[in-house]
$ cat entry_24.pdb   # PDB, C-alpha atoms
ATOM      1  CA  MET A 130     105.404 101.446  91.388
ATOM      2  CA  PRO A 131     107.637  98.502  92.345
ATOM      3  CA  ALA A 132     111.099  98.272  90.857
ATOM      4  CA  PRO A 133     111.687  95.501  88.305
ATOM      5  CA  ARG A 134     113.406  92.316  89.449
ATOM      6  CA  SER A 135     116.596  91.035  87.851
ATOM      7  CA  SER A 136     114.898  88.211  85.905
ATOM      8  CA  LEU A 137     112.779  90.624  83.885
ATOM      9  CA  THR A 138     113.096  90.385  80.103
ATOM     10  CA  TRP A 139     115.066  93.403  78.862
ATOM     11  CA  LEU A 140     114.479  94.619  75.333
ATOM     12  CA  ALA A 141     116.805  96.344  72.913
ATOM     13  CA  PRO A 142     115.204  99.033  70.705
ATOM     14  CA  GLY A 143     113.311  97.287  67.920
ATOM     15  CA  GLN A 144     113.332  93.890  69.646
ATOM     16  CA  ALA A 145     110.075  91.914  69.606
ATOM     17  CA  PHE A 146     107.985  91.721  72.754
ATOM     18  CA  PRO A 147     107.693  88.407  74.559
ATOM     19  CA  PRO A 148     104.216  86.852  74.559
ATOM     20  CA  ALA A 149     101.819  88.577  76.936
ATOM     21  CA  SER A 150     101.341  85.241  78.685
ATOM     22  CA  GLN A 151     104.863  85.640  80.099
ATOM     23  CA  ALA A 152     103.865  88.680  82.173
ATOM     24  CA  TRP A 153     104.367  88.290  85.916
ATOM     25  CA  ASP A 154     101.404  86.797  87.731
ATOM     26  CA  LYS A 155      99.610  87.757  90.943
ATOM     27  CA  SER A 156     102.175  85.954  93.103
ATOM     28  CA  THR A 157     104.815  88.560  92.209
ATOM     29  CA  ALA A 158     105.413  92.108  93.421
ATOM     30  CA  ALA A 159     104.375  93.555  90.060
ATOM     31  CA  PRO A 160     101.610  91.450  88.474
ATOM     32  CA  GLY A 161     101.237  92.205  84.784
ATOM     33  CA  LEU A 162     104.816  93.372  84.282
ATOM     34  CA  LEU A 163     106.097  91.881  81.019
ATOM     35  CA  ALA A 164     109.378  93.526  80.003
ATOM     36  CA  GLY A 165     111.660  96.516  80.403
ATOM     37  CA  GLY A 166     113.715  98.648  78.055
ATOM     38  CA  GLY A 167     113.119  99.056  74.357
ATOM     39  CA  ALA A 168     111.923 102.368  72.954
ATOM     40  CA  LEU A 169     108.846 104.588  72.793
ATOM     41  CA  ASP A 170     108.855 105.324  69.082
ATOM     42  CA  VAL A 171     105.630 105.162  67.069
ATOM     43  CA  GLU A 172     106.366 101.753  65.550
ATOM     44  CA  THR A 173     107.086 100.172  68.935
ATOM     45  CA  LEU A 174     104.005 101.678  70.579
ATOM     46  CA  GLN A 175     101.771 100.565  67.731
ATOM     47  CA  LEU A 176     103.166  97.040  67.967
ATOM     48  CA  ALA A 177     102.773  97.005  71.755
ATOM     49  CA  TYR A 178      99.131  98.078  71.751
ATOM     50  CA  SER A 179      98.266  95.631  68.970
ATOM     51  CA  GLN A 180      99.500  92.899  71.339
ATOM     52  CA  GLY A 181      97.671  94.202  74.410
ATOM     53  CA  ILE A 182     100.818  95.727  75.956
ATOM     54  CA  PHE A 183     101.240  99.278  77.272
ATOM     55  CA  PRO A 184     104.096 101.285  78.840
ATOM     56  CA  TRP A 185     103.878 102.511  82.432
ATOM     57  CA  PHE A 186     106.771 103.789  84.498
ATOM     58  CA  SER A 187     107.738 106.655  86.783
ATOM     59  CA  GLU A 188     110.413 109.317  86.682
ATOM     60  CA  GLY A 189     113.848 107.747  87.096
ATOM     61  CA  GLN A 190     112.721 104.267  86.019
ATOM     62  CA  PRO A 191     113.445 102.510  82.726
ATOM     63  CA  ILE A 192     110.615 101.937  80.273
ATOM     64  CA  LEU A 193     108.391  99.177  81.673
ATOM     65  CA  TRP A 194     105.829  97.246  79.630
ATOM     66  CA  TRP A 195     102.655  95.708  81.086
ATOM     67  CA  SER A 196      99.904  93.273  80.174
ATOM     68  CA  PRO A 197      97.797  92.586  83.288
ATOM     69  CA  ASP A 198      95.486  89.627  83.785
ATOM     70  CA  PRO A 199      92.603  90.222  84.265
ATOM     71  CA  ARG A 200      92.149  93.351  82.145
ATOM     72  CA  MET A 201      89.648  96.131  82.868
ATOM     73  CA  VAL A 202      87.481  96.778  79.798
ATOM     74  CA  LEU A 203      84.447  98.936  79.102
ATOM     75  CA  ASP A 204      81.896  97.336  76.793
ATOM     76  CA  VAL A 205      80.370 100.528  75.408
ATOM     77  CA  SER A 206      76.926  98.918  75.347
ATOM     78  CA  ALA A 207      77.182  98.584  79.150
ATOM     79  CA  PHE A 208      78.169 102.208  79.888
ATOM     80  CA  ARG A 209      76.091 103.494  82.800
ATOM     81  CA  VAL A 210      74.598 106.978  82.681
ATOM     82  CA  HIS A 211      73.293 107.515  86.194
ATOM     83  CA  PRO A 212      70.228 109.790  86.574
ATOM     84  CA  SER A 213      72.065 112.810  87.995
ATOM     85  CA  PHE A 214      74.752 112.608  85.334
ATOM     86  CA  ARG A 215      72.123 112.115  82.636
ATOM     87  CA  LYS A 216      70.644 115.506  83.547
ATOM     88  CA  SER A 217      74.083 117.154  83.518
ATOM     89  CA  LEU A 218      74.873 115.572  80.168
ATOM     90  CA  SER A 219      71.543 116.688  78.738
ATOM     91  CA  ARG A 220      72.162 120.279  79.838
ATOM     92  CA  PHE A 221      75.663 120.163  78.333
ATOM     93  CA  ARG A 222      74.339 118.895  75.027
ATOM     94  CA  ARG A 223      71.651 121.588  74.786
ATOM     95  CA  SER A 224      73.910 124.496  75.774
ATOM     96  CA  ASN A 225      75.233 126.727  73.016
ATOM     97  CA  SER A 226      78.329 127.445  75.122
ATOM     98  CA  CYS A 227      79.348 123.784  75.520
ATOM     99  CA  ASP A 228      80.796 121.439  72.967
ATOM    100  CA  ILE A 229      82.918 118.351  72.428
ATOM    101  CA  ARG A 230      85.984 118.553  70.220
ATOM    102  CA  ILE A 231      88.340 115.832  69.078
ATOM    103  CA  ASP A 232      92.048 116.421  68.520
ATOM    104  CA  SER A 233      91.894 120.219  68.735
ATOM    105  CA  ALA A 234      94.212 120.391  71.766
ATOM    106  CA  PHE A 235      95.954 117.033  72.154
ATOM    107  CA  ALA A 236      99.142 118.428  73.706
ATOM    108  CA  GLU A 237      97.158 120.500  76.213
ATOM    109  CA  VAL A 238      95.091 117.465  77.211
ATOM    110  CA  ILE A 239      98.052 115.177  77.841
ATOM    111  CA  GLU A 240      99.875 117.950  79.731
ATOM    112  CA  ALA A 241      96.801 118.467  81.911
ATOM    113  CA  CYS A 242      96.563 114.725  82.549
ATOM    114  CA  ALA A 243     100.244 114.681  83.510
ATOM    115  CA  SER A 244      99.796 117.508  86.008
ATOM    116  CA  ARG A 245      96.769 115.916  87.672
ATOM    117  CA  ARG A 246      97.615 114.737  91.173
ATOM    118  CA  ARG A 247      96.220 111.394  92.266
ATOM    119  CA  ASP A 248      95.450 110.406  95.835
ATOM    120  CA  GLY A 249      98.444 108.780  97.498
ATOM    121  CA  GLN A 250     100.827 109.603  94.645
ATOM    122  CA  SER A 251     103.524 112.255  94.731
ATOM    123  CA  GLY A 252     104.137 112.285  90.997
ATOM    124  CA  THR A 253     102.850 111.116  87.662
ATOM    125  CA  TRP A 254     103.538 108.242  85.296
ATOM    126  CA  ILE A 255     103.003 110.614  82.348
ATOM    127  CA  VAL A 256     106.632 111.706  82.377
ATOM    128  CA  PRO A 257     108.095 114.016  79.674
ATOM    129  CA  GLU A 258     109.320 111.019  77.669
ATOM    130  CA  MET A 259     105.762 109.658  77.573
ATOM    131  CA  ILE A 260     104.312 113.035  76.576
ATOM    132  CA  ASP A 261     106.726 113.261  73.653
ATOM    133  CA  ALA A 262     105.953 109.678  72.620
ATOM    134  CA  TYR A 263     102.169 110.075  72.632
ATOM    135  CA  CYS A 264     102.341 113.433  70.857
ATOM    136  CA  ALA A 265     104.302 111.633  68.123
ATOM    137  CA  LEU A 266     101.661 108.889  68.129
ATOM    138  CA  HIS A 267      99.007 111.598  67.780
ATOM    139  CA  ARG A 268     100.811 113.123  64.798
ATOM    140  CA  ALA A 269     100.828 109.644  63.254
ATOM    141  CA  GLY A 270      97.027 109.507  63.623
ATOM    142  CA  LEU A 271      97.030 106.783  66.278
ATOM    143  CA  ALA A 272      96.355 108.792  69.445
ATOM    144  CA  HIS A 273      93.422 111.141  69.992
ATOM    145  CA  SER A 274      92.049 113.576  72.520
ATOM    146  CA  VAL A 275      88.361 113.972  73.368
ATOM    147  CA  GLU A 276      87.841 117.409  74.871
ATOM    148  CA  THR A 277      85.135 119.116  76.934
ATOM    149  CA  TRP A 278      84.881 122.838  76.140
ATOM    150  CA  ILE A 279      82.744 125.279  78.142
ATOM    151  CA  ASP A 280      82.529 128.954  77.196
ATOM    152  CA  GLY A 281      85.482 128.473  74.871
ATOM    153  CA  VAL A 282      87.686 127.041  77.632
ATOM    154  CA  LEU A 283      89.114 123.512  77.756
ATOM    155  CA  THR A 284      87.729 122.212  81.056
ATOM    156  CA  GLY A 285      88.281 118.480  80.821
ATOM    157  CA  GLY A 286      89.173 115.642  78.533
ATOM    158  CA  LEU A 287      90.932 112.385  77.902
ATOM    159  CA  TYR A 288      93.391 110.897  75.479
ATOM    160  CA  CYS A 289      93.435 107.434  73.995
ATOM    161  CA  VAL A 290      95.145 105.217  71.454
ATOM    162  CA  ALA A 291      93.079 103.856  68.556
ATOM    163  CA  LEU A 292      94.067 101.004  66.262
ATOM    164  CA  GLY A 293      91.435 100.090  63.706
ATOM    165  CA  GLN A 294      88.219  99.668  65.657
ATOM    166  CA  PHE A 295      89.719  99.181  69.092
ATOM    167  CA  VAL A 296      90.250 102.022  71.570
ATOM    168  CA  PHE A 297      92.742 102.011  74.431
ATOM    169  CA  GLY A 298      91.933 104.575  77.108
ATOM    170  CA  GLU A 299      94.893 106.286  78.754
ATOM    171  CA  SER A 300      94.122 109.152  81.141
ATOM    172  CA  MET A 301      91.567 111.873  81.931
ATOM    173  CA  PHE A 302      91.576 115.270  83.609
ATOM    174  CA  SER A 303      88.895 117.644  84.824
ATOM    175  CA  ASN A 304      88.906 121.311  85.841
ATOM    176  CA  ALA A 305      85.127 121.484  86.273
ATOM    177  CA  SER A 306      82.452 119.213  87.677
ATOM    178  CA  ASN A 307      81.818 116.174  85.442
ATOM    179  CA  ALA A 308      84.065 117.536  82.671
ATOM    180  CA  SER A 309      86.148 114.365  82.327
ATOM    181  CA  LYS A 310      83.075 112.152  82.650
ATOM    182  CA  ILE A 311      81.404 114.134  79.861
ATOM    183  CA  ALA A 312      84.453 113.527  77.662
ATOM    184  CA  LEU A 313      84.267 109.791  78.428
ATOM    185  CA  ALA A 314      80.542 109.785  77.637
ATOM    186  CA  ALA A 315      81.341 111.490  74.328
ATOM    187  CA  LEU A 316      83.940 108.824  73.554
ATOM    188  CA  VAL A 317      81.376 106.121  74.333
ATOM    189  CA  ALA A 318      78.833 107.853  72.073
ATOM    190  CA  PHE A 319      81.460 108.101  69.324
ATOM    191  CA  CYS A 320      82.293 104.399  69.693
ATOM    192  CA  ARG A 321      78.649 103.379  69.594
ATOM    193  CA  ALA A 322      78.077 105.481  66.482
ATOM    194  CA  HIS A 323      80.991 103.714  64.743
ATOM    195  CA  ASP A 324      80.323 100.163  65.992
ATOM    196  CA  ILE A 325      83.418 100.112  68.212
ATOM    197  CA  SER A 326      82.583  97.676  70.989
ATOM    198  CA  TYR A 327      85.306  98.052  73.621
ATOM    199  CA  ILE A 328      87.470 100.619  75.362
ATOM    200  CA  ASP A 329      90.499  99.277  77.215
ATOM    201  CA  CYS A 330      90.689 100.701  80.743
ATOM    202  CA  GLN A 331      93.875  98.792  81.670
ATOM    203  CA  GLN A 332      93.362  98.406  85.433
ATOM    204  CA  ASN A 333      90.446  98.171  87.835
ATOM    205  CA  THR A 334      89.242 101.278  89.656
ATOM    206  CA  HIS A 335      86.022 101.864  91.580
ATOM    207  CA  HIS A 336      85.189 104.846  89.358
ATOM    208  CA  LEU A 337      85.462 102.833  86.144
ATOM    209  CA  ALA A 338      83.479  99.956  87.628
ATOM    210  CA  SER A 339      80.704 102.384  88.593
ATOM    211  CA  LEU A 340      80.447 103.389  84.941
ATOM    212  CA  GLY A 341      80.085  99.797  83.719
ATOM    213  CA  ALA A 342      83.658  98.650  83.129
ATOM    214  CA  ARG A 343      84.514  95.113  84.206
ATOM    215  CA  GLU A 344      87.436  92.734  84.327
ATOM    216  CA  ILE A 345      87.884  90.033  81.697
ATOM    217  CA  SER A 346      90.656  87.515  81.209
ATOM    218  CA  ARG A 347      93.748  88.618  79.344
ATOM    219  CA  GLU A 348      93.141  86.001  76.654
ATOM    220  CA  ALA A 349      89.583  87.252  76.072
ATOM    221  CA  PHE A 350      90.905  90.802  75.941
ATOM    222  CA  LEU A 351      93.611  89.882  73.422
ATOM    223  CA  GLN A 352      91.025  88.241  71.194
ATOM    224  CA  HIS A 353      88.931  91.432  71.209
ATOM    225  CA  VAL A 354      92.071  93.397  70.310
ATOM    226  CA  ARG A 355      92.969  91.025  67.464
ATOM    227  CA  ASP A 356      89.419  91.271  66.114
ATOM    228  CA  GLY A 357      89.344  95.071  66.308
ATOM    229  CA  VAL A 358      92.740  96.200  65.052
ATOM    230  CA  ILE A 359      92.356  94.529  61.656
ATOM    231  CA  LEU A 360      89.256  96.603  60.842
ATOM    232  CA  VAL A 361      89.247 100.017  59.207
ATOM    233  CA  GLY A 362      88.964 102.727  61.843
ATOM    234  CA  PRO A 363      86.593 105.718  61.759
ATOM    235  CA  GLN A 364      87.287 109.350  61.035
ATOM    236  CA  TRP A 365      88.014 110.916  64.399
ATOM    237  CA  ARG A 366      85.606 113.810  64.624
ATOM    238  CA  PHE A 367      82.604 114.303  66.900
ATOM    239  CA  GLU A 368      79.146 115.039  65.542
ATOM    240  CA  PRO A 369      76.274 116.159  67.829
ATOM    241  CA  PRO A 370      73.928 113.361  66.616
ATOM    242  CA  TYR A 371      76.286 110.872  68.282
ATOM    243  CA  TRP A 372      74.731 111.879  71.591
ATOM    244  CA  ASN A 373      71.556 110.092  70.485
ATOM    245  CA  THR A 374      73.281 106.776  71.176
ATOM    246  CA  LEU A 375      73.315 107.748  74.875
ATOM    247  CA  LEU A 376      70.470 110.255  75.257
ATOM    248  CA  PRO A 377      67.660 109.475  72.823
ATOM    249  CA  GLU A 378      65.163 111.138  75.167
ATOM    250  CA  THR A 379      67.231 114.271  75.884
ATOM    251  CA  ALA A 380      64.649 116.740  74.630
ATOM    252  CA  THR A 381      62.242 115.756  77.416
ATOM    253  CA  LEU A 382      64.724 116.293  80.222
ATOM    254  CA  LYS A 383      64.946 119.509  82.246
TER
END

$ encode --input "entry_24.pdb" --output "structure tokens"
Amino acid sequence: MPAPRSSLTWLAPGQAFPPASQAWDKSTAAPGLLAGGGALDVETLQLAYSQGIFPWFSEGQPILWWSPDPRMVLDVSAFRVHPSFRKSLSRFRRSNSCDIRIDSAFAEVIEACASRRRDGQSGTWIVPEMIDAYCALHRAGLAHSVETWIDGVLTGGLYCVALGQFVFGESMFSNASNASKIALAALVAFCRAHDISYIDCQQNTHHLASLGAREISREAFLQHVRDGVILVGPQWRFEPPYWNTLLPETATLK
């Protein structure tokens, strides 16, 4: 991750964020970078996400705040369940030894995401300070884990931030084939069941694009956020009938 330049806006704890439109553009070394400093307390994180801003920094760096343009977003109605994955998902749903849980192991999920090594990266952006911050956000009811359990073992999952009826995806991990993708499919099914339209994916990756995510302008993204965060959010628990929003024909699959 590039180091911030000297003209970056630096925040004191509790100071308001600058408008997202002031984030650095594509002509800079760090497009989407908005500000540095501030704090990672629950109030600040809630305010940041409600304005389409998220923290992202590496060990040894100050807190850095981002609002990229364009923004990668998954419209849950456009989520792609490819044929091979559809069969895997159907088998998972029908198995008595497999289940989806929400918020039963949040700390374990974020720790597993932090320990996941990514190609070309020697470390992780989920540094201890971030783990502590999102665990506090979870205790406040604003961050959630969606977990894939097989034979009583946590094998994959993701964590996200949820404000009202808008979901901001953060990170996933997998210790078994398709385990993280199953957790994402469960989150999509949950969102469809509760009329939540969008999941923020932050930045473009080939994997997310293959599942139906696409880039939209920052202004369009911010409007979706404004529309969603003012609504009353759902109860965060997963019910098996939610799978019907993705797999209405499951019973016929082998």

$ residues_around --input "entry_24.pdb" --residues "Pro184 in chain A" --least-positions-apart "2" --cutoff "9 Å" --atoms "only C-alpha atoms" --output "VMD selection string"
chain A and resid 169 174 177 182 186 192 to 195 259

$ atom_distance --input "entry_24.pdb" --atom1 "CA of Glu299 in chain A" --atom2 "CA of Asp228 in chain A"
21.5 Å

$ axis_aligned_box --input "entry_24.pdb" --around "range 183-196 of chain A" --padding-each-side "6 Å" --output "lines of an AutoDock Vina configuration file"
center_x = 106.9
center_y = 101.3
center_z = 82.2
size_x = 25.9
size_y = 28.0
size_z = 21.8

$ residues_near_point --input "entry_24.pdb" --point "(88.6, 92.7, 67.3)" --cutoff "12 Å" --atoms "all atoms listed in the file" --output "MDAnalysis selection string"
chainID A and resid 179:181 292:296 324:328 349:362

$ atom_distance --input "entry_24.pdb" --atom1 "CA of Asn333 in chain A" --atom2 "CA of Cys320 in chain A"
20.8 Å

$ resolve_selection --input "entry_24.pdb" --expression "the PyMOL selection byres ((chain A and resi 202) around 10)" --output "PDB file with C-alpha atoms, in the coordinates of the input"
ATOM      1  CA  PRO A 199      92.603  90.222  84.265  1.00  0.00           C
ATOM      2  CA  ARG A 200      92.149  93.351  82.145  1.00  0.00           C
ATOM      3  CA  MET A 201      89.648  96.131  82.868  1.00  0.00           C
ATOM      4  CA  LEU A 203      84.447  98.936  79.102  1.00  0.00           C
ATOM      5  CA  ASP A 204      81.896  97.336  76.793  1.00  0.00           C
ATOM      6  CA  VAL A 205      80.370 100.528  75.408  1.00  0.00           C
ATOM      7  CA  PHE A 297      92.742 102.011  74.431  1.00  0.00           C
ATOM      8  CA  GLY A 298      91.933 104.575  77.108  1.00  0.00           C
ATOM      9  CA  TYR A 327      85.306  98.052  73.621  1.00  0.00           C
ATOM     10  CA  ILE A 328      87.470 100.619  75.362  1.00  0.00           C
ATOM     11  CA  ASP A 329      90.499  99.277  77.215  1.00  0.00           C
ATOM     12  CA  CYS A 330      90.689 100.701  80.743  1.00  0.00           C
ATOM     13  CA  GLN A 331      93.875  98.792  81.670  1.00  0.00           C
ATOM     14  CA  GLN A 332      93.362  98.406  85.433  1.00  0.00           C
ATOM     15  CA  ASN A 333      90.446  98.171  87.835  1.00  0.00           C
ATOM     16  CA  LEU A 337      85.462 102.833  86.144  1.00  0.00           C
ATOM     17  CA  ALA A 338      83.479  99.956  87.628  1.00  0.00           C
ATOM     18  CA  GLY A 341      80.085  99.797  83.719  1.00  0.00           C
ATOM     19  CA  ALA A 342      83.658  98.650  83.129  1.00  0.00           C
ATOM     20  CA  ARG A 343      84.514  95.113  84.206  1.00  0.00           C
ATOM     21  CA  GLU A 344      87.436  92.734  84.327  1.00  0.00           C
ATOM     22  CA  ILE A 345      87.884  90.033  81.697  1.00  0.00           C
ATOM     23  CA  SER A 346      90.656  87.515  81.209  1.00  0.00           C
ATOM     24  CA  PHE A 350      90.905  90.802  75.941  1.00  0.00           C
TER      25      PHE A 350
END

$ atom_distance --input "entry_24.pdb" --atom1 "CA of Ala315 in chain A" --atom2 "CA of Ile229 in chain A"
7.3 Å

$ residues_around --input "entry_24.pdb" --residues "Asp261 in chain A" --least-positions-apart "3" --cutoff "12 Å" --atoms "all atoms listed in the file" --output "PDB file with C-alpha atoms, in the frame of the given file"
ATOM      1  CA  LEU A 169     108.846 104.588  72.793  1.00  0.00           C
ATOM      2  CA  ASP A 170     108.855 105.324  69.082  1.00  0.00           C
ATOM      3  CA  VAL A 171     105.630 105.162  67.069  1.00  0.00           C
ATOM      4  CA  PHE A 235      95.954 117.033  72.154  1.00  0.00           C
ATOM      5  CA  ALA A 236      99.142 118.428  73.706  1.00  0.00           C
ATOM      6  CA  ILE A 239      98.052 115.177  77.841  1.00  0.00           C
ATOM      7  CA  GLU A 240      99.875 117.950  79.731  1.00  0.00           C
ATOM      8  CA  ALA A 243     100.244 114.681  83.510  1.00  0.00           C
ATOM      9  CA  ILE A 255     103.003 110.614  82.348  1.00  0.00           C
ATOM     10  CA  VAL A 256     106.632 111.706  82.377  1.00  0.00           C
ATOM     11  CA  PRO A 257     108.095 114.016  79.674  1.00  0.00           C
ATOM     12  CA  GLU A 258     109.320 111.019  77.669  1.00  0.00           C
ATOM     13  CA  CYS A 264     102.341 113.433  70.857  1.00  0.00           C
ATOM     14  CA  ALA A 265     104.302 111.633  68.123  1.00  0.00           C
ATOM     15  CA  LEU A 266     101.661 108.889  68.129  1.00  0.00           C
ATOM     16  CA  HIS A 267      99.007 111.598  67.780  1.00  0.00           C
ATOM     17  CA  ARG A 268     100.811 113.123  64.798  1.00  0.00           C
TER      18      ARG A 268
END

$ residues_around --input "entry_24.pdb" --residues "Gly161 in chain A" --least-positions-apart "3" --cutoff "8 Å" --atoms "only C-alpha atoms" --output "list in words"
Ala152, Trp153, Asp154, Lys155, Trp195, Ser196, Pro197 and Asp198 of chain A

$ closest_residue --input "entry_24.pdb" --among "A:Phe319, A:Arg222, A:Trp278, A:Ala234" --to "Thr374 in chain A" --atoms "all atoms listed in the file"
A:Phe319

$ residues_around --input "entry_24.pdb" --residues "Thr284 in chain A" --least-positions-apart "2" --cutoff "12 Å" --atoms "all atoms listed in the file" --output "PyMOL selection string"
chain A and resi 227-230+234+237-238+241-242+275-282+286-287+301-312

$ write_last_selection --input "entry_24.pdb" --atoms "C-alpha atoms" --output "mmCIF file, in the coordinates of the input"
data_model
loop_
_atom_site.group_PDB
_atom_site.id
_atom_site.type_symbol
_atom_site.label_atom_id
_atom_site.label_comp_id
_atom_site.auth_asym_id
_atom_site.auth_seq_id
_atom_site.Cartn_x
_atom_site.Cartn_y
_atom_site.Cartn_z
ATOM 1 C CA CYS A 227 79.348 123.784 75.520
ATOM 2 C CA ASP A 228 80.796 121.439 72.967
ATOM 3 C CA ILE A 229 82.918 118.351 72.428
ATOM 4 C CA ARG A 230 85.984 118.553 70.220
ATOM 5 C CA ALA A 234 94.212 120.391 71.766
ATOM 6 C CA GLU A 237 97.158 120.500 76.213
ATOM 7 C CA VAL A 238 95.091 117.465 77.211
ATOM 8 C CA ALA A 241 96.801 118.467 81.911
ATOM 9 C CA CYS A 242 96.563 114.725 82.549
ATOM 10 C CA VAL A 275 88.361 113.972 73.368
ATOM 11 C CA GLU A 276 87.841 117.409 74.871
ATOM 12 C CA THR A 277 85.135 119.116 76.934
ATOM 13 C CA TRP A 278 84.881 122.838 76.140
ATOM 14 C CA ILE A 279 82.744 125.279 78.142
ATOM 15 C CA ASP A 280 82.529 128.954 77.196
ATOM 16 C CA GLY A 281 85.482 128.473 74.871
ATOM 17 C CA VAL A 282 87.686 127.041 77.632
ATOM 18 C CA GLY A 286 89.173 115.642 78.533
ATOM 19 C CA LEU A 287 90.932 112.385 77.902
ATOM 20 C CA MET A 301 91.567 111.873 81.931
ATOM 21 C CA PHE A 302 91.576 115.270 83.609
ATOM 22 C CA SER A 303 88.895 117.644 84.824
ATOM 23 C CA ASN A 304 88.906 121.311 85.841
ATOM 24 C CA ALA A 305 85.127 121.484 86.273
ATOM 25 C CA SER A 306 82.452 119.213 87.677
ATOM 26 C CA ASN A 307 81.818 116.174 85.442
ATOM 27 C CA ALA A 308 84.065 117.536 82.671
ATOM 28 C CA SER A 309 86.148 114.365 82.327
ATOM 29 C CA LYS A 310 83.075 112.152 82.650
ATOM 30 C CA ILE A 311 81.404 114.134 79.861
ATOM 31 C CA ALA A 312 84.453 113.527 77.662
#

$ residues_near_point --input "entry_24.pdb" --point "(72.2, 114.8, 77.5)" --cutoff "12 Å" --atoms "all atoms listed in the file" --output "PyMOL selection string"
chain A and resi 210-224+227-228+311+314-315+318+369-383

$ closest_residue --input "entry_24.pdb" --among "A:Ser206, A:Gln175, A:Ser136, A:Gln151" --to "Arg321 in chain A" --atoms "only C-alpha atoms"
A:Ser206

$ resolve_selection --input "entry_24.pdb" --expression "the PyMOL selection byres ((chain A and resi 142) around 10)" --output "PDB file with C-alpha atoms, in the coordinates of the input"
ATOM      1  CA  TRP A 139     115.066  93.403  78.862  1.00  0.00           C
ATOM      2  CA  LEU A 140     114.479  94.619  75.333  1.00  0.00           C
ATOM      3  CA  ALA A 141     116.805  96.344  72.913  1.00  0.00           C
ATOM      4  CA  GLY A 143     113.311  97.287  67.920  1.00  0.00           C
ATOM      5  CA  GLN A 144     113.332  93.890  69.646  1.00  0.00           C
ATOM      6  CA  ALA A 145     110.075  91.914  69.606  1.00  0.00           C
ATOM      7  CA  GLY A 166     113.715  98.648  78.055  1.00  0.00           C
ATOM      8  CA  GLY A 167     113.119  99.056  74.357  1.00  0.00           C
ATOM      9  CA  ALA A 168     111.923 102.368  72.954  1.00  0.00           C
ATOM     10  CA  LEU A 169     108.846 104.588  72.793  1.00  0.00           C
ATOM     11  CA  ASP A 170     108.855 105.324  69.082  1.00  0.00           C
ATOM     12  CA  THR A 173     107.086 100.172  68.935  1.00  0.00           C
TER      13      THR A 173
END

$ closest_residue --input "entry_24.pdb" --among "A:Thr334, A:Phe146, A:Trp185, A:Pro191" --to "Gly165 in chain A" --atoms "all atoms listed in the file"
A:Pro191
